[in-house]
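So this one's start.pdb, PDB, C-alpha atoms:
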ATOM      1  CA  MET A   1       4.267 -11.778  -1.096
ATOM      2  CA  ASN A   2       3.449 -15.289  -2.114
ATOM      3  CA  ASN A   3      -0.230 -15.828  -1.267
ATOM      4  CA  TRP A   4      -1.278 -12.240  -0.636
ATOM      5  CA  MET A   5      -3.772 -12.302  -3.512
ATOM      6  CA  GLU A   6      -5.707 -14.986  -1.615
ATOM      7  CA  HIS A   7      -6.408 -12.646   1.312
ATOM      8  CA  PRO A   8     -10.171 -12.736   2.016
ATOM      9  CA  MET A   9     -10.497  -8.945   2.025
ATOM     10  CA  LEU A  10      -9.048  -8.786  -1.485
ATOM     11  CA  GLN A  11     -11.674 -11.202  -2.771
ATOM     12  CA  LYS A  12     -14.383  -8.584  -2.105
ATOM     13  CA  MET A  13     -12.400  -5.590  -3.363
ATOM     14  CA  ASP A  14     -13.284  -3.535  -6.419
ATOM     15  CA  PRO A  15     -11.406  -5.005  -9.438
ATOM     16  CA  THR A  16      -9.989  -1.565 -10.317
ATOM     17  CA  LYS A  17      -8.490  -1.200  -6.842
ATOM     18  CA  LEU A  18      -7.179  -4.739  -7.044
ATOM     19  CA  GLU A  19      -5.403  -3.986 -10.306
ATOM     20  CA  LEU A  20      -3.752  -0.894  -8.780
ATOM     21  CA  ILE A  21      -2.590  -3.003  -5.823
ATOM     22  CA  ARG A  22      -1.248  -5.711  -8.173
ATOM     23  CA  THR A  23       0.733  -3.092 -10.067
ATOM     24  CA  ALA A  24       2.160  -1.653  -6.843
ATOM     25  CA  ALA A  25       2.999  -5.147  -5.571
ATOM     26  CA  THR A  26       4.938  -5.888  -8.743
ATOM     27  CA  LYS A  27       6.884  -2.642  -8.377
ATOM     28  CA  THR A  28       7.645  -3.262  -4.684
ATOM     29  CA  ASN A  29       8.849  -6.829  -5.077
ATOM     30  CA  GLY A  30      12.366  -7.022  -3.652
ATOM     31  CA  LYS A  31      12.434  -3.367  -2.571
ATOM     32  CA  SER A  32      13.580  -2.201   0.852
ATOM     33  CA  GLY A  33      11.507  -0.218   3.356
ATOM     34  CA  ASN A  34      12.746   3.168   2.123
ATOM     35  CA  ASP A  35      11.786   2.384  -1.470
ATOM     36  CA  LEU A  36       8.243   1.284  -0.659
ATOM     37  CA  ALA A  37       6.801   4.615   0.466
ATOM     38  CA  PRO A  38       7.046   6.404  -2.912
ATOM     39  CA  ILE A  39       5.387   3.419  -4.578
ATOM     40  CA  LEU A  40       2.555   3.446  -2.040
ATOM     41  CA  LEU A  41       2.058   7.194  -2.458
ATOM     42  CA  THR A  42       1.991   6.762  -6.239
ATOM     43  CA  LEU A  43      -0.633   4.030  -5.857
ATOM     44  CA  ILE A  44      -2.872   6.287  -3.765
ATOM     45  CA  THR A  45      -2.287   9.330  -5.999
ATOM     46  CA  ASN A  46      -3.093   7.365  -9.172
ATOM     47  CA  ALA A  47      -6.219   5.982  -7.540
ATOM     48  CA  ASN A  48      -7.319   9.488  -6.487
ATOM     49  CA  LYS A  49      -6.841  10.765 -10.053
ATOM     50  CA  LYS A  50      -9.239   8.046 -11.220
ATOM     51  CA  GLY A  51     -11.744   8.961  -8.504
ATOM     52  CA  ILE A  52     -10.904   5.856  -6.479
ATOM     53  CA  ARG A  53     -10.581   6.154  -2.716
ATOM     54  CA  PHE A  54      -9.086   3.422  -0.561
ATOM     55  CA  SER A  55     -10.750   2.964   2.817
ATOM     56  CA  PRO A  56      -8.569   3.037   5.955
ATOM     57  CA  ASP A  57      -9.016  -0.757   6.203
ATOM     58  CA  GLU A  58      -7.856  -1.222   2.620
ATOM     59  CA  ILE A  59      -4.806   0.985   3.195
ATOM     60  CA  SER A  60      -3.960  -0.974   6.351
ATOM     61  CA  LEU A  61      -4.222  -4.205   4.393
ATOM     62  CA  ILE A  62      -1.955  -2.864   1.631
ATOM     63  CA  LEU A  63       0.618  -1.838   4.239
ATOM     64  CA  GLU A  64       0.509  -5.262   5.869
ATOM     65  CA  LEU A  65       1.038  -6.889   2.489
ATOM     66  CA  LEU A  66       3.962  -4.572   1.728
ATOM     67  CA  LYS A  67       5.573  -5.377   5.075
ATOM     68  CA  GLU A  68       5.235  -9.133   4.618
ATOM     69  CA  GLY A  69       8.637 -10.816   4.574
ATOM     70  CA  LYS A  70      10.490  -7.612   5.527
ATOM     71  CA  SER A  71      12.816  -7.297   8.523
ATOM     72  CA  LYS A  72      11.598  -5.580  11.708
ATOM     73  CA  GLU A  73      13.741  -2.550  10.810
ATOM     74  CA  GLU A  74      12.217  -2.322   7.344
ATOM     75  CA  GLN A  75       8.710  -2.680   8.769
ATOM     76  CA  MET A  76       9.414   0.135  11.224
ATOM     77  CA  GLN A  77      10.776   2.284   8.367
ATOM     78  CA  ILE A  78       7.615   1.655   6.338
ATOM     79  CA  ASP A  79       5.439   2.652   9.325
ATOM     80  CA  LYS A  80       7.493   5.793   9.919
ATOM     81  CA  THR A  81       7.355   6.823   6.273
ATOM     82  CA  VAL A  82       3.610   6.213   6.106
ATOM     83  CA  ARG A  83       3.037   8.365   9.208
ATOM     84  CA  MET A  84       5.067  11.183   7.630
ATOM     85  CA  ALA A  85       3.198  10.864   4.341
ATOM     86  CA  SER A  86      -0.160  10.798   6.124
ATOM     87  CA  SER A  87       0.583  14.010   7.973
ATOM     88  CA  LEU A  88       1.661  15.640   4.704
ATOM     89  CA  LEU A  89      -1.548  14.553   2.989
ATOM     90  CA  LYS A  90      -3.669  15.830   5.897
ATOM     91  CA  ASN A  91      -1.906  19.211   5.778
ATOM     92  CA  ARG A  92      -2.793  19.595   2.082
ATOM     93  CA  LYS A  93      -6.535  19.360   2.701
TER      94      LYS A  93
END
Take the structure I supplied and represent it as structure tokens, if you would.
Amino acid sequence: MNNWMEHPMLQKMDPTKLELIRTAATKTNGKSGNDLAPILLTLITNANKKGIRFSPDEISLILELLKEGKSKEEQMQIDKTVRMASSLLKNRK
């Protein structure tokens, strides 16, 4: 995750959201696919507690940034975990 902060979409993002993403990025640095999902869920949960909602586009961007530099297997694991988490979150509503 070298230049991810320079992504054009991040330049327009709410500074509070950006800070949450920075924190998550720091925590995910060097982690494998299996370890990323809990960090992502924590990011979203903490944002929700503060009344912050990430748009689907923002979540997609975060996932792409998390997958950057990971092996194909790790990227697939991240996708799988996110799908499972998404279905769990939908079932809670």
First collect every listed atom of segment 47-55 of chain A; then fit an axis-aligned box around them, widen it by 8 Å on each side, and give centre and edge lengths in Å to one decimal, as lines of an AutoDock Vina configuration file.
center_x = -9.0
center_y = 6.9
center_z = -4.2
size_x = 21.5
size_y = 23.8
size_z = 30.0
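Using the PyMOL selection byres ((chain A and resi 53) around 12) on the file at hand returns these residues: Met13, Asp14, Thr16, Lys17, Leu20, Leu43, Ile44, Thr45, Asn46, Ala47, Asn48, Lys49, Lys50, Gly51, Ile52, Phe54, Ser55, Pro56, Asp57, Glu58 and Ile59 of chain A.
The environment of Asn29 of chain A within 9 Å, counting all atoms listed in the file and disregarding residues fewer than 3 places along the same chain, consists of Met1, Ala24, Ala25, Thr26, Ser32 and Leu66 of chain A.
With all atoms listed in the file as the atoms that count, the residue of A:Pro38, A:His7, A:Arg83, A:Thr23 with the shortest distance to Glu64 of chain A is A:His7.
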Inset, instruction - Please write as a PyMOL selection string the full residue list that the PyMOL selection byres ((chain A and resi 70) around 12) yields on this file. - result: chain A and resi 1+28-34+36+63-69+71-78
Legend entry - d(atom CA of Lys27 of chain A, atom CA of Ser60 of chain A) in Å: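 Going from atom CA of Lys27 of chain A over to atom CA of Ser60 of chain A covers 18.4 Å.
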Inset, instruction - Mind giving me the straight-line distance from atom CA of Ser87 of chain A to atom CA of Asp35 of chain A in Å, one decimal? - result: 18.7 Å
Legend entry - Straight-line distance linking atom CA of Lys12 of chain A with atom CA of Met84 of chain A, stated in Å to one decimal: 29.4 Å
